[in-house]
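Written out below as structure tokens is the structure these notes cover.
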Number of protein chains: 2
Amino acid sequence: MADFDVMRQLALESERKIVLLVMDGLGGIARASDNQTELEAAHTPNLDRLAREGITGLSSPLGAGITPGSGPAHLALFGYDPFQYSFGRGVLETLGIGFDLLPDDIAIRGNFCTVDEDGLIVDRRAGRIPTEKSAELCELLSDIELAGVETFVRPVKEYRFALVLRGPGLSPNLPDTDPQQVGLAPLPAQARTPDAKRTADLVNQWIGAARAKLADQHPANMVTLRGFSKDPALPKFDDIYRLEAAAVAVYPMYRGLARLVGMKVIPVEHPISNEFETVGKLWHGYDFFFVHVKYTDSRGEDGDFEAKKAVIEEADEALPILLALKPDVLVVTGDHSTPSHLKSHSWHPVPTLLWAPETVLPDRAVAFGERECMGGGLGVFPATDLMPLALGHAQRLAKYGA
Amino acid sequence: MADFDVMRQLALESERKIVLLVMDGLGGIARASDNQTELEAAHTPNLDRLAREGITGLSSPLGAGITPGSGPAHLALFGYDPFQYSFGRGVLETLGIGFDLLPDDIAIRGNFCTVDEDGLIVDRRAGRIPTEKSAELCELLSDIELAGVETFVRPVKEYRFALVLRGPGLSPNLPDTDPQQVGLAPLPAQARTPDAKRTADLVNQWIGAARAKLADQHPANMVTLRGFSKDPALPKFDDIYRLEAAAVAVYPMYRGLARLVGMKVIPVEHPISNEFETVGKLWHGYDFFFVHVKYTDSRGEDGDFEAKKAVIEEADEALPILLALKPDVLVVTGDHSTPSHLKSHSWHPVPTLLWAPETVLPDRAVAFGERECMGGGLGVFPATDLMPLALGHAQRLAKYGA
């Protein structure tokens, strides 16, 4: 793993450019019919060529057997020890929508929910109201005033919103108010530590006001609050690696993750070819590009083998757009596996290729797929090795010691 | 990695012998013409046989992406955490010329340089004066007397010399006096800490006297001093591993490294066959032999693929001399890679074979080369694993736990 002090000592200024293409949930397990994974079954002439010309292996996000969430999985890809560095879901959600969080802000993830006449939750997601409706309700809640504290209420997606409290002396040491099951009332905000008492009081005032303002709404007539947190002040890419980094991602959470590590976030829309073209437009302004493909994971979670395979094929087909930029180092990997057979994230290490025409010694992989990567020259390696490896291949690290 | 407390607990006295053959900078990357590395292209029937009969893998000196200097790379091979243990360049240089450094000596690396009439450096290496000239000048500087402190001035190579201060109460906490560029004057010695004040004063007296003595010389009319350091008092091989170890090396730096870990250093001259014959002469006196082949690295740094390949072939041809000694364990590896394509050390993990007729389970490697080692039974492993692995195969480690 990258020891950040060592990285800071060795990282060099350079013109050489690195692209980290993360296909979310890339890894899979084999279907019975032909013993192939989604990646193996996909028609991927470009990725196969890169695997032949590059070196392959399996990236282990959090170690053997551990299934990662998106946050820790991306931190590991970015070279951060995922057990040492962490942050609350509120921060992630807030940064994900592009909100400029200040160091002392308290970021909270909110859900609109439906309660019955006794105040008991009957739907934790308020019928998955459309984002447009959520935006209206957030507008309504933005009027709530708290003494000495500014509040910001922003829609995220469907029933999810973000609440930010800004003011002196606030604490994030509060547990969720979501009871996590229907038939119970939302919990009041509570202080986990004495210094959080005032914050809990303010949050309870806000919840009370929100309940009143939403009373006539349906189905979104109440809220629950989760993931109270502050910006974790992670070390940043330019500090650790001397990289000016840009993130190209269609989905708020990944933009938020990139922002946390100091990347400039470039909002972009699907399709994948559009993401890759956006990299081209930014090419001369940055050293490092984190490009995030979301829908491999989404289709894996849907349990749709063919649809996940199709997303992989879409990425492969668009790949010449990235290759035309002539990156010095191109890494293709996933943050974790999402086998469609399991319909969820999994612990399986992730097929990975590193392509670097100037510096790589190709292994014997002839295609990009799980089984080829199992015999690859990188072996099974911790995901946190990828950043130093990419920097090494970009010749952006000085020699250590005489 | 070897936990030294565990090693001390488990290491056994034994008659079984280990040879660690380090071909400096062994690893390479492939040339375009035939997609072969220097090692793969070399005709190496003996190494290939050892690879078939032994087990292979890739040794990672300092972790993914990090290019090692010779010091940390050798510490790792010897089982020492290269980030935990370190030492100054002065110590390395001094031990390298066979100087018997005492625990409280201050070792300094000196450069003869050329200054103009204003005292500004015009050549940081004094025209790379020959070693013979440097020896004369060191003789001249040996006359300088400092109150209460013995001084030793020894030539190293060309413009480089070693200065040792011996006496009570000296400190190595001084930065370099080399300003690292021409057009500036050498810096005065400065104390980084109050306890180094007296040492700085003494060093400045010495520099003043040296300036006066060299005033009529040309081009070596001044000195700069670097790498102020003391013997780092590393734990020693006999203590950690119960090994009586001998080092056979042609080059001062590697002799110095071996001395730091408690090996008996046997000065020897090229060719490689002479080094191997020297091992034979020492065979009954030691348990462990570190044999260092320098010129694989040198030719790699020259960017001369064919010449590096030829050094590998020279080692292969001489190998029967070592094999005739019937070592119980023979490890062949490098301290790091030096691809001739890059003309420098690199981060690529190093092809490694372990041959131990009594205990090894051979993998499927059919030759000694990077690509064969990528599929080897040892996988990609930290270089610090090699010592415990060799000891294990020599049956020199007791069982841990009941």
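Just remember, in the structure tokens the first chain shown is A, the second B, etc., residues are 1-based per chain, and ligands are 1-based in the order shown.
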
Next on the checklist: Can you tell me which residues surround range 183-196 of chain A at a distance of at most 6 Å, considering only C-alpha atoms, apart from same-chain residues fewer than 4 positions away, and format the answer as a list in words?
Outcome noted: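 Near neighbours after the sequence-gap exclusion: Gly119, Leu120, Ile121, Ser171, Asn173, Leu174, Thr177, Asp178, Pro179, Ala200 and Asn204 of chain A.
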
Counting only C-alpha atoms, which residues of chain A fall within 8 Å of chain B, and what is the closest atom pair for each with its distance in Å at one decimal, ordered by chain and rising number, as a tab-separated table?
residue	atom	partner	partner_atom	distance
A:Met1	CA	B:Gly63	CA	7.3
A:Thr359	CA	B:Ile29	CA	7.3
A:Val360	CA	B:Ile29	CA	6.9
A:Leu361	CA	B:Ile29	CA	5.1
A:Asp363	CA	B:Arg371	CA	6.2
A:Arg364	CA	B:Arg371	CA	7.3
A:Gly375	CA	B:Gly375	CA	6.4
A:Gly376	CA	B:Met374	CA	7.1
A:Gly377	CA	B:Met374	CA	4.9
A:Leu378	CA	B:Val380	CA	7.2
A:Gly379	CA	B:Val380	CA	6.3
A:Asp385	CA	B:Ala64	CA	5.7
A:Leu386	CA	B:Ala64	CA	7.6
A:Pro388	CA	B:Gly65	CA	4.8
A:Leu389	CA	B:Gly65	CA	4.0
A:Ala390	CA	B:Gly65	CA	7.0
A:Leu391	CA	B:Gly65	CA	6.6
A:Gly392	CA	B:Gly65	CA	4.3
A:His393	CA	B:Gly65	CA	7.0
A:Leu397	CA	B:Ile66	CA	6.9
A:Ala398	CA	B:Thr67	CA	7.0
A:Lys399	CA	B:Thr67	CA	4.8
A:Tyr400	CA	B:Pro68	CA	4.9
A:Gly401	CA	B:Gly69	CA	4.7
A:Ala402	CA	B:Gly69	CA	4.6

Item to check | Pick from B:Ala147, B:Met7, B:Leu354, B:Cys138, whichever lies nearest to Lys236 in chain B using only C-alpha atoms | outcome: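 Between B:Ala147, B:Met7, B:Leu354, B:Cys138, the residue approaching Lys236 in chain B most closely is B:Met7.
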
Item to check | All residues 9 Å or closer to Val291 in chain A, only C-alpha atoms, same chain fewer than 4 positions away omitted, as a ChimeraX atom specification | outcome: /A:19-23,246-249,275-276,279

Checklist outcome for this item: CA of Leu77 in chain B to CA of Phe99 in chain B measures 23.5 Å

Next on the checklist: Please list as a PyMOL selection string every residue within 9 Å of range 215-218 of chain A, counting only C-alpha atoms and excluding residues in the same chain fewer than 3 positions away.
Outcome noted: chain A and resi 114+126+137+210-212+221-222

Restrict the selected residues to C-alpha atoms and save them as a short mmCIF file (atom, residue, chain, number, x, y, z; two decimals), in the first residue's frame.
data_model
loop_
_atom_site.label_atom_id
_atom_site.label_comp_id
_atom_site.auth_asym_id
_atom_site.auth_seq_id
_atom_site.Cartn_x
_atom_site.Cartn_y
_atom_site.Cartn_z
CA THR A 114 -44.70 7.97 4.75
CA ALA A 126 -42.40 7.49 0.47
CA LEU A 137 -40.50 19.49 -0.95
CA ALA A 210 -40.51 19.57 8.80
CA ARG A 211 -43.28 17.34 10.14
CA ALA A 212 -45.58 20.35 10.30
CA ASN A 221 -45.34 13.39 4.85
CA MET A 222 -42.30 12.87 7.08
#

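Near Leu50 in chain B, within 10 Å and counting only C-alpha atoms, sit B:Pro45, B:Asn46, B:Gly54, B:Ile55, B:Thr56, B:Leu323, B:Leu330, B:Val331, B:Val332, B:Leu353, B:Leu354, B:Trp355, B:Ala356, B:Pro357, B:Pro362, B:Ala365, B:Val366, B:Ala367, B:Phe368; same-chain residues fewer than 4 positions away were not included.
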
Give me a file of those residues, with C-alpha atoms, as a PDB file, in the first residue's frame.
ATOM      1  CA  PRO B  45      20.926 -23.746 -19.430  1.00  0.00           C
ATOM      2  CA  ASN B  46      21.975 -23.932 -15.786  1.00  0.00           C
ATOM      3  CA  GLY B  54      13.007 -25.367  -8.061  1.00  0.00           C
ATOM      4  CA  ILE B  55      10.230 -22.894  -7.464  1.00  0.00           C
ATOM      5  CA  THR B  56       9.963 -19.438  -8.989  1.00  0.00           C
ATOM      6  CA  LEU B 323      26.428 -26.146  -7.667  1.00  0.00           C
ATOM      7  CA  LEU B 330      20.269 -21.694  -3.578  1.00  0.00           C
ATOM      8  CA  VAL B 331      18.287 -18.519  -4.220  1.00  0.00           C
ATOM      9  CA  VAL B 332      18.889 -16.592  -7.426  1.00  0.00           C
ATOM     10  CA  LEU B 353      14.164 -18.898  -8.176  1.00  0.00           C
ATOM     11  CA  LEU B 354      14.628 -20.985  -5.073  1.00  0.00           C
ATOM     12  CA  TRP B 355      16.334 -24.327  -5.503  1.00  0.00           C
ATOM     13  CA  ALA B 356      16.455 -26.755  -2.583  1.00  0.00           C
ATOM     14  CA  PRO B 357      16.656 -30.392  -3.677  1.00  0.00           C
ATOM     15  CA  PRO B 362       8.789 -27.465  -8.055  1.00  0.00           C
ATOM     16  CA  ALA B 365       8.359 -23.083 -14.720  1.00  0.00           C
ATOM     17  CA  VAL B 366      10.479 -24.550 -17.493  1.00  0.00           C
ATOM     18  CA  ALA B 367      13.051 -21.759 -17.675  1.00  0.00           C
ATOM     19  CA  PHE B 368      14.308 -18.786 -15.662  1.00  0.00           C
TER      20      PHE B 368
END

Checklist entry - Taking into account only C-alpha atoms, which residue in the set B:Pro382, B:Pro130, B:Thr224, B:Ala107 is nearest to Gly167 in chain B? => result B:Ala107

Checklist entry - Could you write out, as a ChimeraX atom specification, all the residues of range 28-250 of chain A that DSSP marks as strand (DSSP E)? => result /A:55-60,106-115,121-123,150-157,160-166,222-229,245-249

Please identify the alpha helix (DSSP H) residues within range 238-335 of chain A (assignment by DSSP from backbone atoms) and present them as a PDB file with N, CA and C atoms, in the first residue's frame.
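Just written: part12.pdb:
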ATOM      1  N   ASP A 238      -3.277  16.077  -4.999  1.00  0.00           N
ATOM      2  CA  ASP A 238      -2.143  16.918  -5.395  1.00  0.00           C
ATOM      3  C   ASP A 238      -1.073  16.931  -4.305  1.00  0.00           C
ATOM      4  N   ASP A 239      -1.502  16.799  -3.056  1.00  0.00           N
ATOM      5  CA  ASP A 239      -0.569  16.755  -1.942  1.00  0.00           C
ATOM      6  C   ASP A 239       0.181  15.418  -1.894  1.00  0.00           C
ATOM      7  N   ILE A 240      -0.543  14.316  -2.006  1.00  0.00           N
ATOM      8  CA  ILE A 240       0.075  12.988  -1.857  1.00  0.00           C
ATOM      9  C   ILE A 240       0.860  12.602  -3.102  1.00  0.00           C
ATOM     10  N   TYR A 241       0.219  12.765  -4.250  1.00  0.00           N
ATOM     11  CA  TYR A 241       0.765  12.187  -5.491  1.00  0.00           C
ATOM     12  C   TYR A 241       1.269  13.244  -6.476  1.00  0.00           C
ATOM     13  N   PRO A 252     -23.893  10.949  -8.683  1.00  0.00           N
ATOM     14  CA  PRO A 252     -23.445  11.855  -7.610  1.00  0.00           C
ATOM     15  C   PRO A 252     -22.466  11.241  -6.614  1.00  0.00           C
ATOM     16  N   MET A 253     -22.715  10.001  -6.191  1.00  0.00           N
ATOM     17  CA  MET A 253     -21.864   9.454  -5.135  1.00  0.00           C
ATOM     18  C   MET A 253     -20.393   9.409  -5.548  1.00  0.00           C
ATOM     19  N   TYR A 254     -20.151   9.060  -6.785  1.00  0.00           N
ATOM     20  CA  TYR A 254     -18.762   8.899  -7.235  1.00  0.00           C
ATOM     21  C   TYR A 254     -18.105  10.257  -7.442  1.00  0.00           C
ATOM     22  N   ARG A 255     -18.937  11.225  -7.832  1.00  0.00           N
ATOM     23  CA  ARG A 255     -18.417  12.594  -7.874  1.00  0.00           C
ATOM     24  C   ARG A 255     -18.021  13.035  -6.471  1.00  0.00           C
ATOM     25  N   GLY A 256     -18.856  12.675  -5.494  1.00  0.00           N
ATOM     26  CA  GLY A 256     -18.561  13.050  -4.112  1.00  0.00           C
ATOM     27  C   GLY A 256     -17.274  12.413  -3.620  1.00  0.00           C
ATOM     28  N   LEU A 257     -17.102  11.122  -3.954  1.00  0.00           N
ATOM     29  CA  LEU A 257     -15.884  10.420  -3.544  1.00  0.00           C
ATOM     30  C   LEU A 257     -14.656  11.082  -4.142  1.00  0.00           C
ATOM     31  N   ALA A 258     -14.770  11.442  -5.408  1.00  0.00           N
ATOM     32  CA  ALA A 258     -13.636  12.063  -6.098  1.00  0.00           C
ATOM     33  C   ALA A 258     -13.305  13.414  -5.469  1.00  0.00           C
ATOM     34  N   ARG A 259     -14.362  14.170  -5.124  1.00  0.00           N
ATOM     35  CA  ARG A 259     -14.161  15.476  -4.519  1.00  0.00           C
ATOM     36  C   ARG A 259     -13.432  15.352  -3.176  1.00  0.00           C
ATOM     37  N   LEU A 260     -13.769  14.295  -2.420  1.00  0.00           N
ATOM     38  CA  LEU A 260     -13.141  14.086  -1.111  1.00  0.00           C
ATOM     39  C   LEU A 260     -11.627  13.931  -1.204  1.00  0.00           C
ATOM     40  N   ILE A 272     -21.505   6.166 -22.131  1.00  0.00           N
ATOM     41  CA  ILE A 272     -20.090   6.007 -21.814  1.00  0.00           C
ATOM     42  C   ILE A 272     -19.222   6.775 -22.811  1.00  0.00           C
ATOM     43  N   SER A 273     -19.602   6.737 -24.086  1.00  0.00           N
ATOM     44  CA  SER A 273     -18.807   7.444 -25.101  1.00  0.00           C
ATOM     45  C   SER A 273     -18.727   8.936 -24.765  1.00  0.00           C
ATOM     46  N   ASN A 274     -19.805   9.455 -24.193  1.00  0.00           N
ATOM     47  CA  ASN A 274     -19.794  10.866 -23.794  1.00  0.00           C
ATOM     48  C   ASN A 274     -18.813  11.117 -22.655  1.00  0.00           C
ATOM     49  N   GLU A 275     -18.757  10.165 -21.710  1.00  0.00           N
ATOM     50  CA  GLU A 275     -17.778  10.299 -20.624  1.00  0.00           C
ATOM     51  C   GLU A 275     -16.360  10.318 -21.204  1.00  0.00           C
ATOM     52  N   PHE A 276     -16.094   9.393 -22.123  1.00  0.00           N
ATOM     53  CA  PHE A 276     -14.745   9.306 -22.686  1.00  0.00           C
ATOM     54  C   PHE A 276     -14.409  10.575 -23.495  1.00  0.00           C
ATOM     55  N   GLU A 277     -15.395  11.080 -24.211  1.00  0.00           N
ATOM     56  CA  GLU A 277     -15.146  12.309 -24.978  1.00  0.00           C
ATOM     57  C   GLU A 277     -14.869  13.485 -24.039  1.00  0.00           C
ATOM     58  N   THR A 278     -15.528  13.474 -22.892  1.00  0.00           N
ATOM     59  CA  THR A 278     -15.272  14.525 -21.912  1.00  0.00           C
ATOM     60  C   THR A 278     -13.827  14.478 -21.426  1.00  0.00           C
ATOM     61  N   VAL A 279     -13.299  13.275 -21.248  1.00  0.00           N
ATOM     62  CA  VAL A 279     -11.881  13.142 -20.882  1.00  0.00           C
ATOM     63  C   VAL A 279     -11.019  13.836 -21.935  1.00  0.00           C
ATOM     64  N   GLY A 280     -11.363  13.621 -23.192  1.00  0.00           N
ATOM     65  CA  GLY A 280     -10.612  14.257 -24.283  1.00  0.00           C
ATOM     66  C   GLY A 280     -10.629  15.770 -24.173  1.00  0.00           C
ATOM     67  N   LYS A 281     -11.779  16.318 -23.834  1.00  0.00           N
ATOM     68  CA  LYS A 281     -11.878  17.782 -23.732  1.00  0.00           C
ATOM     69  C   LYS A 281     -11.027  18.332 -22.591  1.00  0.00           C
ATOM     70  N   LEU A 282     -10.844  17.520 -21.548  1.00  0.00           N
ATOM     71  CA  LEU A 282     -10.096  17.973 -20.361  1.00  0.00           C
ATOM     72  C   LEU A 282      -8.613  17.639 -20.448  1.00  0.00           C
ATOM     73  N   TYR A 295     -23.045   1.674 -14.810  1.00  0.00           N
ATOM     74  CA  TYR A 295     -24.155   0.734 -15.016  1.00  0.00           C
ATOM     75  C   TYR A 295     -23.770  -0.741 -15.042  1.00  0.00           C
ATOM     76  N   THR A 296     -22.444  -1.042 -15.085  1.00  0.00           N
ATOM     77  CA  THR A 296     -22.048  -2.431 -14.866  1.00  0.00           C
ATOM     78  C   THR A 296     -22.557  -2.897 -13.499  1.00  0.00           C
ATOM     79  N   ASP A 297     -22.403  -2.059 -12.503  1.00  0.00           N
ATOM     80  CA  ASP A 297     -22.864  -2.394 -11.153  1.00  0.00           C
ATOM     81  C   ASP A 297     -24.387  -2.458 -11.097  1.00  0.00           C
ATOM     82  N   SER A 298     -25.033  -1.465 -11.675  1.00  0.00           N
ATOM     83  CA  SER A 298     -26.503  -1.410 -11.587  1.00  0.00           C
ATOM     84  C   SER A 298     -27.130  -2.660 -12.193  1.00  0.00           C
ATOM     85  N   ARG A 299     -26.627  -3.070 -13.377  1.00  0.00           N
ATOM     86  CA  ARG A 299     -27.213  -4.241 -14.033  1.00  0.00           C
ATOM     87  C   ARG A 299     -26.845  -5.519 -13.287  1.00  0.00           C
ATOM     88  N   GLY A 300     -25.648  -5.536 -12.668  1.00  0.00           N
ATOM     89  CA  GLY A 300     -25.297  -6.669 -11.812  1.00  0.00           C
ATOM     90  C   GLY A 300     -26.249  -6.771 -10.636  1.00  0.00           C
ATOM     91  N   GLU A 301     -26.549  -5.623 -10.031  1.00  0.00           N
ATOM     92  CA  GLU A 301     -27.487  -5.637  -8.887  1.00  0.00           C
ATOM     93  C   GLU A 301     -28.897  -6.028  -9.323  1.00  0.00           C
ATOM     94  N   PHE A 305     -27.543 -10.620 -16.206  1.00  0.00           N
ATOM     95  CA  PHE A 305     -26.254 -10.989 -16.800  1.00  0.00           C
ATOM     96  C   PHE A 305     -26.075 -10.334 -18.161  1.00  0.00           C
ATOM     97  N   GLU A 306     -27.076 -10.480 -19.030  1.00  0.00           N
ATOM     98  CA  GLU A 306     -26.946  -9.972 -20.396  1.00  0.00           C
ATOM     99  C   GLU A 306     -26.806  -8.457 -20.415  1.00  0.00           C
ATOM    100  N   ALA A 307     -27.561  -7.784 -19.545  1.00  0.00           N
ATOM    101  CA  ALA A 307     -27.498  -6.319 -19.536  1.00  0.00           C
ATOM    102  C   ALA A 307     -26.146  -5.836 -19.020  1.00  0.00           C
ATOM    103  N   LYS A 308     -25.591  -6.531 -18.020  1.00  0.00           N
ATOM    104  CA  LYS A 308     -24.262  -6.143 -17.518  1.00  0.00           C
ATOM    105  C   LYS A 308     -23.213  -6.378 -18.604  1.00  0.00           C
ATOM    106  N   LYS A 309     -23.329  -7.512 -19.269  1.00  0.00           N
ATOM    107  CA  LYS A 309     -22.420  -7.810 -20.384  1.00  0.00           C
ATOM    108  C   LYS A 309     -22.514  -6.717 -21.451  1.00  0.00           C
ATOM    109  N   ALA A 310     -23.731  -6.255 -21.707  1.00  0.00           N
ATOM    110  CA  ALA A 310     -23.920  -5.220 -22.733  1.00  0.00           C
ATOM    111  C   ALA A 310     -23.254  -3.905 -22.317  1.00  0.00           C
ATOM    112  N   VAL A 311     -23.281  -3.564 -21.023  1.00  0.00           N
ATOM    113  CA  VAL A 311     -22.607  -2.338 -20.573  1.00  0.00           C
ATOM    114  C   VAL A 311     -21.093  -2.471 -20.779  1.00  0.00           C
ATOM    115  N   ILE A 312     -20.568  -3.658 -20.479  1.00  0.00           N
ATOM    116  CA  ILE A 312     -19.130  -3.892 -20.701  1.00  0.00           C
ATOM    117  C   ILE A 312     -18.799  -3.716 -22.185  1.00  0.00           C
ATOM    118  N   GLU A 313     -19.673  -4.236 -23.045  1.00  0.00           N
ATOM    119  CA  GLU A 313     -19.437  -4.124 -24.492  1.00  0.00           C
ATOM    120  C   GLU A 313     -19.535  -2.669 -24.950  1.00  0.00           C
ATOM    121  N   GLU A 314     -20.447  -1.917 -24.320  1.00  0.00           N
ATOM    122  CA  GLU A 314     -20.552  -0.493 -24.655  1.00  0.00           C
ATOM    123  C   GLU A 314     -19.245   0.229 -24.316  1.00  0.00           C
ATOM    124  N   ALA A 315     -18.696  -0.095 -23.133  1.00  0.00           N
ATOM    125  CA  ALA A 315     -17.426   0.535 -22.734  1.00  0.00           C
ATOM    126  C   ALA A 315     -16.309   0.139 -23.691  1.00  0.00           C
ATOM    127  N   ASP A 316     -16.278  -1.132 -24.046  1.00  0.00           N
ATOM    128  CA  ASP A 316     -15.234  -1.597 -24.966  1.00  0.00           C
ATOM    129  C   ASP A 316     -15.319  -0.868 -26.297  1.00  0.00           C
ATOM    130  N   GLU A 317     -16.536  -0.730 -26.784  1.00  0.00           N
ATOM    131  CA  GLU A 317     -16.710  -0.093 -28.089  1.00  0.00           C
ATOM    132  C   GLU A 317     -16.271   1.374 -28.063  1.00  0.00           C
ATOM    133  N   ALA A 318     -16.467   2.019 -26.911  1.00  0.00           N
ATOM    134  CA  ALA A 318     -16.095   3.437 -26.805  1.00  0.00           C
ATOM    135  C   ALA A 318     -14.605   3.633 -26.521  1.00  0.00           C
ATOM    136  N   LEU A 319     -13.925   2.558 -26.147  1.00  0.00           N
ATOM    137  CA  LEU A 319     -12.549   2.656 -25.676  1.00  0.00           C
ATOM    138  C   LEU A 319     -11.590   3.356 -26.641  1.00  0.00           C
ATOM    139  N   PRO A 320     -11.749   3.180 -27.959  1.00  0.00           N
ATOM    140  CA  PRO A 320     -10.833   3.907 -28.863  1.00  0.00           C
ATOM    141  C   PRO A 320     -10.811   5.419 -28.627  1.00  0.00           C
ATOM    142  N   ILE A 321     -11.886   5.969 -28.105  1.00  0.00           N
ATOM    143  CA  ILE A 321     -11.899   7.410 -27.800  1.00  0.00           C
ATOM    144  C   ILE A 321     -10.824   7.728 -26.756  1.00  0.00           C
ATOM    145  N   LEU A 322     -10.718   6.884 -25.729  1.00  0.00           N
ATOM    146  CA  LEU A 322      -9.677   7.086 -24.704  1.00  0.00           C
ATOM    147  C   LEU A 322      -8.292   6.787 -25.262  1.00  0.00           C
ATOM    148  N   LEU A 323      -8.197   5.718 -26.035  1.00  0.00           N
ATOM    149  CA  LEU A 323      -6.879   5.305 -26.534  1.00  0.00           C
ATOM    150  C   LEU A 323      -6.294   6.332 -27.496  1.00  0.00           C
TER     151      LEU A 323
END

Next on the checklist: For Gly334 in chain B, find every residue with an atom within 8 Å (counting only C-alpha atoms), except residues of its own chain fewer than 4 positions away, and show them as an MDAnalysis selection string.
Outcome noted: chainID B and resid 21:27 350:352

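As for CA of Val153 in chain B and CA of Arg128 in chain B, they are spaced 18.0 Å apart.
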
Checklist entry - What separation in Å, quoted to one decimal, exists between CA of Asn111 in chain B and CA of Arg154 in chain B? => result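 Those two atoms sit 11.4 Å apart.
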
Next on the checklist: List the spatial neighbours of range 13-17 of chain A as a list in words - criterion: any atom at most 10 Å away, only C-alpha atoms, same-chain residues fewer than 5 positions off excluded.
Outcome noted: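 The filter keeps Tyr241, Arg242, Leu243, Glu244, Ala245, Trp283, His284, Tyr286, Asp287, Phe288, Phe289, Leu325, Lys326, Pro327, Asp328, Val329, Leu330, Ala390, Leu391, His393, Ala394, Gln395, Arg396 and Leu397 of chain A.
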